[in-house]
4 protein chains.
Amino acid sequence: MLAENRYGKSLVRVARLKRHADRNDFREWAVQILLRGDFATSYIDGDNSKVLPTDTMKNTVYFVAGHSQATCMEEFAMELIDFLLSRNPQVSEVEVGVVEKAWEPLEMSGVPHPTAFVQATGEMQNSKVSRARDAHFSVASGLDDLVILKTADSAFEGYIHDSLTTLPESSDRLLGTSLRASWTYGSSNPDFCAKRKAIRNVLLGTFAAHRSKSVQHTLYAMAAEVLKNVSEVEDVSLVMPNKHYLLADLSRFGQDNPNEIFVPTSEPHGYIEARVRR
Amino acid sequence: MLAENRYGKSLVRVARLKRHADRNDFREWAVQILLRGDFATSYIDGDNSKVLPTDTMKNTVYFVAGHSQATCMEEFAMELIDFLLSRNPQVSEVEVGVVEKAWEPLEMSGVPHPTAFVQATGEMQNSKVSRARDAHFSVASGLDDLVILKTADSAFEGYIHDSLTTLPESSDRLLGTSLRASWTYGSSNPDFCAKRKAIRNVLLGTFAAHRSKSVQHTLYAMAAEVLKNVSEVEDVSLVMPNKHYLLADLSRFGQDNPNEIFVPTSEPHGYIEARVRR
Amino acid sequence: MLAENRYGKSLVRVARLKRHADRNDFREWAVQILLRGDFATSYIDGDNSKVLPTDTMKNTVYFVAGHSQATCMEEFAMELIDFLLSRNPQVSEVEVGVVEKAWEPLEMSGVPHPTAFVQATGEMQNSKVSRARDAHFSVASGLDDLVILKTADSAFEGYIHDSLTTLPESSDRLLGTSLRASWTYGSSNPDFCAKRKAIRNVLLGTFAAHRSKSVQHTLYAMAAEVLKNVSEVEDVSLVMPNKHYLLADLSRFGQDNPNEIFVPTSEPHGYIEARVRR
Amino acid sequence: MLAENRYGKSLVRVARLKRHADRNDFREWAVQILLRGDFATSYIDGDNSKVLPTDTMKNTVYFVAGHSQATCMEEFAMELIDFLLSRNPQVSEVEVGVVEKAWEPLEMSGVPHPTAFVQATGEMQNSKVSRARDAHFSVASGLDDLVILKTADSAFEGYIHDSLTTLPESSDRLLGTSLRASWTYGSSNPDFCAKRKAIRNVLLGTFAAHRSKSVQHTLYAMAAEVLKNVSEVEDVSLVMPNKHYLLADLSRFGQDNPNEIFVPTSEPHGYIEARVRR
């Protein structure tokens with residue numbers, strides 16, 4: 001029995017250039033479109049009569065981009081969803097995911113260049129927007145691969161000690177992570193680009209300032225501060241792997257290591273996640 | 001308000017060598033352990049008194065491996081879960097994910113070498129096992145990155161044509177995918193390694209033999225055949241991206257292309273998924 | 001002053017299907033073309049009058065594939081080089097690199113399926129062929145990412161001990177590597193596919209059988225055996241990173257570890273390379 | 001016959017924290033050490049008596065880091081080379097490669113935080129330093145994965161048109177690349193960190209300002225400007241893949257596309273490289 005199904009197109013890459021008098025704006029997105037609807041016969045009988053080809057979804061991305069009014073990726077996703085629902089009665093719900101490559105103007109001597117850009121970060125901004133027919137949009141925006149580190153105000157003490165414990169307690173350790181965050185908005189349509197910027201600032205500011213007793217402790221503080229500062233946000237989910245920086249054991253070589261030389265490791269790593277809501 | 005949380009250790013790599021008279025057995029796993037339980041105070045107050053350090057979870061993997069009776073990864077996951085639940089009353093549920101690197105004996109002139117191995121495939125075997133305290137194990141096994149292709153018996157015709165359609169219909173196209181499959185077992189404890197092998201064979205045999213009218217059509221047939229042939233399986237989830245092989249347009253150069261020369265592409269790609277259950 | 005330059009097209013992906021009465025043959029290649037020649041003015045003055053666009057090189061790959069007589073990638077590379085040299089007098093030398101995705105027939109109950117294939121390995125077969133105008137072809141074929149492991153007949157003892165030594169000597173350790181090999185042929189044109197298979201077999205057979213005193217020791221034996229067994233080969237270059245499997249220290253937990261439980265690591269790793277010639 | 005050989009340790013990751021009154025400095029490097037020398041008997045006979053274990057090289061990185069005076073990676077590489085040559089008479093040449101993860105202070109409201117950092121870019125800074133016994137250091141520094149794009153002042157016209165040409169000429173196209181650069185210094189020891197910054201600025205400034213007639217044209221201009229502006233540099237090698245942004249064909253859907261909507265592609269891509277010297 002067919003319990004669940006969806007299908008669509010992934011990694012549709014599109015870039016949009018807007019020429020202004022004093023500068024160019026440039027956005028680059030990778031779009032995924034997923035449809036749910038009256039498709040059971042395509043699975044069970046190979047009946048394609050209600051199937052919108054994924055190739056046509058790709059064309060849809062470029063066609064809609066050609067006359068899009070969107071500034072932020074969330075708005076472009078909404079345009080795509082409305083377009084697809086309006087033309088395809090067999091579709092009951094559309095989900096659009098967008099990942100943005102972060103192009104920023106090249107700065108020469110502190111001045112942003114008007115037409116040259118640098119992909120200044122490995123960090124990714126993304127959003128997942130969906131709407132069922134006759135329902136409201138559901139918007140979950142986020143970011144991924146934001147690699148951050150604090151070299152002060154981080155401890156890990158007072159945990160369980162048992163026969164398999166080898167970790168020494170530390171009142172002053174490095175705390176590094178590759179942050180993944182997502183947050184949902186209520187039914188309002190805020191200025192998504194401005195809200196994203198504000199949320200990112202709260203996350204980073206809290207990470208930097210927090211007197212951390214554990215990754216869990218800092219993760220919760222970061223999420224709670226977002227809810228406190230950005231009223232449009234309904235809930236916040238954070239994933240913070242603990243990318244360990246182990247103190248190098250130099251005593252074997254007769255050398256002191258006053259918390260200065262570390263061995264960064266990627267395997268294994270801690271994994272902490274939580275969702276915090278109003 | 002803390003809505004959900006879990007934490008643990010990822011990418012704990014462990015290899016186990018068993019020496020027999022006539023050959024060695026070698027298994028290599030990457031293990032992830034995730035705990036749920038009475039951890040709210042660690043997030044909210046930084047109280048670590050109930051926190052089992054993730055470093056200790058890493059040690060646990062090696063300690064349990066040292067006297068493990070497990071042959072298949074599913075059994076090792078169960079041993080880890082039982083061990084962690086029995087020693088940590090604050091934990092309400094443990095989830096263990098295992099990914100296996102597929103080492104196979106090197107074949108020399110058709111004879112498997114007793115002590116030399118090759119990682120013969122990029123394909124990954126995996127499993128996710130969990131148990132809440134006082135509950136049964138829940139086992140979802142699977143595989144990922146199984147890259148397959150059929151060069152006959154694949155068509156895609158009769159789909160919707162609208163103003164954005166550019167895809168030509170095809171009664172004979174290549175169908176390539178990178179299969180991700182997972183399936184759940186009922187409460188029984190079958191021979192997990194044997195069942196995995198049987199399920200993989202059914203998936204591949206059906207893919208090869210099916211007269212495909214679409215990816216959806218073949219995906220459903222593959223899942224349905226698993227349910228038909230392997231009684232221990234409760235449901236099957238398949239993800240089959242459509243890794244397109246586009247017919248090269250040689251007519252521009254005055255050359256014929258009788259379905260022989262193709263352009264493999266990775267961006268964009270179709271995405272098809274479904275879950276089929278009894 | 002312009003000291004050296006070359007340009008071309010990378011990652012031109014092409015697949016070729018040949019339909020036989022009893023089975024299909026399927027090959028998939030990623031091609032790189034690089035040109036050297038009279039191109040200084042394009043760099044210095046922006047004069048494109050002698051520049052063959054890289055887009056045209058891409059088209060060349062498909063056009064030549066459309067009537068290619070090649071079976072092995074080395075032969076296809078030669079066809080491309082001859083075609084480009086014959087049409088572009090400003091080009092003095094063409095280099096073509098090919099990487100093959102290893103598609104093999106799906107085996108159902110030991111029988112190869114005629115039209116279904118599996119990419120059965122992460123291993124890559126490749127070749128780099130070049131020719132200067134009026135000169136012979138130079139052919140360097142190879143393979144990469146062949147991940148192998150031996151669990152017997154491997155030791156590492158008798159090395160230098162100094163104040164920074166912490167590695168224990170071992171008369172019985174695991175030896176794992178990800179082999180990269182390349183070999184050059186003399187001016188003859190052997191059956192490249194058959195020779196590749198023979199060389200791969202010699203490399204693997206020697207790796208499996210060798211009584212290894214170090215990675216260096218085994219690497220040299222493998223290369224020397226190729227030269228001894230395959231007369232068309234002029235020299236062999238091997239790179240063998242030492243992908244360490246560290247013995248897990250279970251004594252901390254009161255447990256014995258009779259060379260059975262290991263910690264696979266990827267960072268850091270040893271790196272051994274050599275070139276062996278007649 | 002053993003023609004060439006070298007061995008060593010790769011991916012030795014080390015991080016160094018320096019605490020100052022007003023801020024912390026944090027550097028993270030991945031180090032590779034490669035030795036050449038009197039090692040033929042280790043390959044041919046398995047005689048390890050002159051072999052410095054790669055595990056000891058790893059320890060050397062941490063030991064030397066523990067009392068290092070280096071600020072820039074080039075200086076740390078020199079310290080490692082001197083240390084290894086002085087203790088290992090059988091070694092004739094040491095090569096050290098370093099890749100730096102670019103940690104920068106987190107900026108909160110324009111103010112750099114003293115103890116929190118962000119890995120703000122996917123760009124990599126690197127260096128390769130070598131010295132033969134009784135010879136001078138050879139230093140080649142560079143950067144990789146610097147992803148840049150210009151949306152004005154880029155054309156590609158006047159190239160060869162033949163029977164396989166399909167590329168339309170363009171007087172106004174996007175030019176995107178992922179820059180790889182390396183440059184060598186003469187025998188002097190400049191302030192490597194300051195020179196790196198200056199060179200990077202010249203590369204980016206020239207890329208942004210150049211009236212490009214082709215990738216080749218801009219590549220040469222960038223390299224030539226480095227030589228003109230930074231007297232310590234002997235030669236500059238640049239690799240600039242042409243990461244194509246293809247104009248989306250919206251005319252099929254009755255829509256205009258005045259150079260605004262593009263299809264970014266990664267396969268295939270152009271590949272341009274040159275070395276420019278004084």
# chains A, B, ... in the order shown; residues from 1 in each chain; ligands from 1
$ residues_around --residues "Met57 of chain D" --least-positions-apart "3" --cutoff "10 Å" --atoms "only C-alpha atoms" --output "VMD selection string"
(chain C and resid 164 to 165 270) or (chain D and resid 8 to 10 12 32 to 34 52 to 54 60 to 63 80 84)
$ interface_residues --of "chain B" --to "chain D" --cutoff "12 Å" --atoms "only C-alpha atoms" --output "short mmCIF file (atom, residue, chain, number, x, y, z; two decimals) with all heavy atoms, in the first residue's frame"
data_model
loop_
_atom_site.label_atom_id
_atom_site.label_comp_id
_atom_site.auth_asym_id
_atom_site.auth_seq_id
_atom_site.Cartn_x
_atom_site.Cartn_y
_atom_site.Cartn_z
N ASP B 162 2.24 21.38 -21.08
CA ASP B 162 1.69 22.73 -20.94
C ASP B 162 2.65 23.72 -21.60
O ASP B 162 3.57 23.32 -22.32
CB ASP B 162 1.42 23.06 -19.46
CG ASP B 162 2.67 23.08 -18.60
OD1 ASP B 162 3.79 23.20 -19.15
OD2 ASP B 162 2.54 22.98 -17.38
N SER B 163 2.46 25.00 -21.33
CA SER B 163 3.23 26.01 -22.06
C SER B 163 4.71 26.02 -21.67
O SER B 163 5.53 26.65 -22.36
CB SER B 163 2.63 27.41 -21.80
OG SER B 163 2.76 27.72 -20.42
N LEU B 164 5.06 25.35 -20.59
CA LEU B 164 6.47 25.32 -20.17
C LEU B 164 7.12 23.97 -20.45
O LEU B 164 8.24 23.71 -19.97
CB LEU B 164 6.58 25.66 -18.68
CG LEU B 164 6.16 27.08 -18.29
CD1 LEU B 164 6.27 27.29 -16.78
CD2 LEU B 164 7.04 28.12 -19.01
N THR B 165 6.45 23.10 -21.17
CA THR B 165 7.00 21.78 -21.46
C THR B 165 8.04 21.86 -22.58
O THR B 165 7.76 22.40 -23.64
CB THR B 165 5.89 20.81 -21.91
OG1 THR B 165 4.86 20.81 -20.91
CG2 THR B 165 6.44 19.40 -22.10
N THR B 166 9.22 21.33 -22.33
CA THR B 166 10.20 21.21 -23.42
C THR B 166 10.73 19.78 -23.54
O THR B 166 11.41 19.45 -24.51
CB THR B 166 11.39 22.17 -23.22
OG1 THR B 166 11.98 21.92 -21.93
CG2 THR B 166 10.97 23.61 -23.32
N ASP B 249 22.74 16.16 -28.63
CA ASP B 249 22.19 16.67 -29.89
C ASP B 249 23.32 16.80 -30.90
O ASP B 249 24.04 17.80 -30.93
CB ASP B 249 21.52 18.03 -29.64
CG ASP B 249 20.99 18.62 -30.94
OD1 ASP B 249 21.03 17.93 -31.98
OD2 ASP B 249 20.54 19.78 -30.91
N LEU B 250 23.48 15.78 -31.74
CA LEU B 250 24.54 15.80 -32.74
C LEU B 250 24.04 16.28 -34.10
O LEU B 250 24.83 16.45 -35.03
CB LEU B 250 25.16 14.41 -32.87
CG LEU B 250 25.76 13.84 -31.58
CD1 LEU B 250 26.40 12.47 -31.85
CD2 LEU B 250 26.81 14.80 -31.02
N SER B 251 22.72 16.48 -34.21
CA SER B 251 22.17 16.92 -35.50
C SER B 251 22.73 18.28 -35.89
O SER B 251 22.85 18.60 -37.08
CB SER B 251 20.64 16.97 -35.42
OG SER B 251 20.24 17.97 -34.50
N ARG B 252 23.10 19.08 -34.88
CA ARG B 252 23.68 20.40 -35.18
C ARG B 252 24.98 20.28 -35.98
O ARG B 252 25.41 21.21 -36.64
CB ARG B 252 24.00 21.13 -33.87
CG ARG B 252 22.78 21.38 -33.00
CD ARG B 252 23.18 22.00 -31.67
NE ARG B 252 24.03 21.10 -30.89
CZ ARG B 252 24.61 21.43 -29.75
NH1 ARG B 252 24.47 22.66 -29.27
NH2 ARG B 252 25.35 20.56 -29.09
N PHE B 253 25.61 19.11 -35.86
CA PHE B 253 26.88 18.89 -36.55
C PHE B 253 26.71 17.91 -37.71
O PHE B 253 27.68 17.31 -38.19
CB PHE B 253 27.94 18.37 -35.58
CG PHE B 253 27.95 19.10 -34.27
CD1 PHE B 253 27.87 18.42 -33.06
CD2 PHE B 253 28.01 20.50 -34.23
CE1 PHE B 253 27.86 19.09 -31.85
CE2 PHE B 253 28.00 21.18 -33.03
CZ PHE B 253 27.92 20.48 -31.84
N GLY B 254 25.44 17.74 -38.16
CA GLY B 254 25.18 16.88 -39.30
C GLY B 254 25.42 15.41 -39.01
O GLY B 254 25.68 14.61 -39.90
N GLN B 255 25.28 15.05 -37.71
CA GLN B 255 25.57 13.67 -37.33
C GLN B 255 24.32 13.05 -36.71
O GLN B 255 23.57 13.72 -35.99
CB GLN B 255 26.72 13.67 -36.31
CG GLN B 255 27.56 12.42 -36.33
CD GLN B 255 28.73 12.52 -35.35
OE1 GLN B 255 28.65 13.24 -34.35
NE2 GLN B 255 29.79 11.79 -35.62
N VAL B 263 24.68 12.69 -22.52
CA VAL B 263 25.34 13.65 -21.64
C VAL B 263 24.85 13.38 -20.22
O VAL B 263 23.72 13.71 -19.88
CB VAL B 263 24.99 15.10 -22.03
CG1 VAL B 263 25.79 16.08 -21.18
CG2 VAL B 263 25.23 15.32 -23.51
N PRO B 264 25.68 12.76 -19.39
CA PRO B 264 25.27 12.56 -17.99
C PRO B 264 25.28 13.91 -17.26
O PRO B 264 26.20 14.70 -17.47
CB PRO B 264 26.36 11.65 -17.41
CG PRO B 264 27.16 11.16 -18.59
CD PRO B 264 27.01 12.20 -19.67
N THR B 265 24.27 14.17 -16.46
CA THR B 265 24.23 15.44 -15.73
C THR B 265 23.94 15.15 -14.26
O THR B 265 23.29 14.17 -13.93
CB THR B 265 23.12 16.37 -16.26
OG1 THR B 265 21.86 15.71 -16.10
CG2 THR B 265 23.33 16.70 -17.71
N SER B 266 24.43 16.03 -13.41
CA SER B 266 24.08 15.85 -11.99
C SER B 266 23.24 17.00 -11.45
O SER B 266 22.63 16.87 -10.40
CB SER B 266 25.35 15.65 -11.15
OG SER B 266 26.37 16.51 -11.55
N GLU B 267 23.22 18.11 -12.16
CA GLU B 267 22.40 19.25 -11.74
C GLU B 267 21.59 19.75 -12.93
O GLU B 267 22.21 20.06 -13.96
CB GLU B 267 23.29 20.39 -11.24
CG GLU B 267 24.04 20.10 -9.98
CD GLU B 267 24.98 21.27 -9.64
OE1 GLU B 267 25.21 22.14 -10.52
OE2 GLU B 267 25.49 21.28 -8.53
N PRO B 268 20.31 19.89 -12.83
CA PRO B 268 19.47 19.42 -11.73
C PRO B 268 19.16 17.94 -11.89
O PRO B 268 19.53 17.34 -12.88
CB PRO B 268 18.20 20.26 -11.90
CG PRO B 268 18.12 20.50 -13.38
CD PRO B 268 19.55 20.58 -13.87
#
$ residues_around --residues "Asn88 of chain D" --least-positions-apart "5" --cutoff "12 Å" --atoms "only C-alpha atoms" --output "number ranges by chain"
C: 160-162; D: 35-39, 49-53, 57, 81-83, 93-94, 133
$ select_by_dssp --residues "segment 20-199 of chain B" --states "strand (DSSP E or B)" --output "PyMOL selection string"
chain B and resi 24-37+91-101+103-108+111-119+124-132+137-150+154+156+170+175-185
$ residues_around --residues "Lys197 of chain D" --least-positions-apart "4" --cutoff "12 Å" --atoms "only C-alpha atoms" --output "number ranges by chain"
A: 109; D: 72, 125, 141-143, 191-193, 201-204, 226, 230
$ atom_distance --atom1 "atom CA of Ser92 of chain A" --atom2 "atom CA of Ser214 of chain B"
20.7 Å
$ select_by_dssp --residues "segment 76-274 of chain D" --states "helix (DSSP H, G or I)" --output "PyMOL selection string"
chain D and resi 76-87+192-209+215-229+251-253
$ residues_around --residues "segment 180-185 of chain D" --least-positions-apart "4" --cutoff "8 Å" --atoms "only C-alpha atoms" --output "list in words"
Ser138, Val139, Ala140, Ser141, Gly142, Leu143, Asp144, Asp145, Leu146, Glu232, Val233, Glu234, Asp235, Val236, Ser237, Leu238, Val239 and Met240 of chain D
$ write_last_selection --atoms "N, CA, C and O atoms" --output "short mmCIF file (atom, residue, chain, number, x, y, z; two decimals), in the first residue's frame"
data_model
loop_
_atom_site.label_atom_id
_atom_site.label_comp_id
_atom_site.auth_asym_id
_atom_site.auth_seq_id
_atom_site.Cartn_x
_atom_site.Cartn_y
_atom_site.Cartn_z
N SER D 138 63.12 27.33 -0.14
CA SER D 138 62.31 27.66 -1.30
C SER D 138 60.87 27.81 -0.80
O SER D 138 60.33 26.89 -0.17
N VAL D 139 60.26 28.95 -1.04
CA VAL D 139 58.92 29.25 -0.48
C VAL D 139 57.93 29.56 -1.60
O VAL D 139 58.14 30.50 -2.36
N ALA D 140 56.90 28.74 -1.70
CA ALA D 140 55.80 29.01 -2.63
C ALA D 140 54.53 29.13 -1.80
O ALA D 140 54.06 28.14 -1.23
N SER D 141 53.98 30.32 -1.75
CA SER D 141 52.76 30.54 -0.98
C SER D 141 51.59 30.70 -1.93
O SER D 141 51.78 30.98 -3.11
N GLY D 142 50.40 30.49 -1.41
CA GLY D 142 49.27 30.59 -2.32
C GLY D 142 47.94 30.64 -1.60
O GLY D 142 47.85 30.72 -0.37
N LEU D 143 46.92 30.60 -2.40
CA LEU D 143 45.56 30.52 -1.88
C LEU D 143 44.75 29.69 -2.87
O LEU D 143 45.15 29.50 -4.01
N ASP D 144 43.63 29.18 -2.41
CA ASP D 144 42.81 28.28 -3.23
C ASP D 144 41.33 28.52 -2.90
O ASP D 144 41.01 29.00 -1.81
N ASP D 145 40.48 28.16 -3.85
CA ASP D 145 39.04 28.23 -3.61
C ASP D 145 38.54 29.63 -3.28
O ASP D 145 37.59 29.79 -2.50
N LEU D 146 39.17 30.63 -3.87
CA LEU D 146 38.67 32.00 -3.72
C LEU D 146 37.67 32.23 -4.86
O LEU D 146 38.04 32.43 -6.01
N GLU D 232 59.11 41.37 -3.95
CA GLU D 232 59.70 40.13 -3.44
C GLU D 232 59.24 38.89 -4.22
O GLU D 232 59.81 37.81 -4.05
N VAL D 233 58.22 39.04 -5.03
CA VAL D 233 57.67 37.87 -5.72
C VAL D 233 58.44 37.61 -7.01
O VAL D 233 58.68 38.53 -7.80
N GLU D 234 58.81 36.34 -7.21
CA GLU D 234 59.58 35.95 -8.39
C GLU D 234 58.68 35.53 -9.55
O GLU D 234 58.92 35.88 -10.69
N ASP D 235 57.69 34.71 -9.24
CA ASP D 235 56.74 34.35 -10.29
C ASP D 235 55.38 34.05 -9.69
O ASP D 235 55.25 33.83 -8.48
N VAL D 236 54.38 34.06 -10.52
CA VAL D 236 53.00 33.88 -10.08
C VAL D 236 52.33 32.86 -11.00
O VAL D 236 52.39 32.98 -12.22
N SER D 237 51.71 31.85 -10.42
CA SER D 237 50.93 30.87 -11.18
C SER D 237 49.47 31.00 -10.80
O SER D 237 49.14 30.98 -9.61
N LEU D 238 48.63 31.11 -11.80
CA LEU D 238 47.19 31.23 -11.53
C LEU D 238 46.44 30.15 -12.30
O LEU D 238 46.76 29.86 -13.45
N VAL D 239 45.45 29.58 -11.63
CA VAL D 239 44.50 28.67 -12.30
C VAL D 239 43.12 29.29 -12.13
O VAL D 239 42.70 29.58 -11.00
N MET D 240 42.43 29.50 -13.25
CA MET D 240 41.11 30.11 -13.19
C MET D 240 40.12 29.32 -14.02
O MET D 240 39.93 29.59 -15.20
#
$ atom_distance --atom1 "atom CA of Arg278 of chain A" --atom2 "atom CA of Ala40 of chain B"
15.6 Å
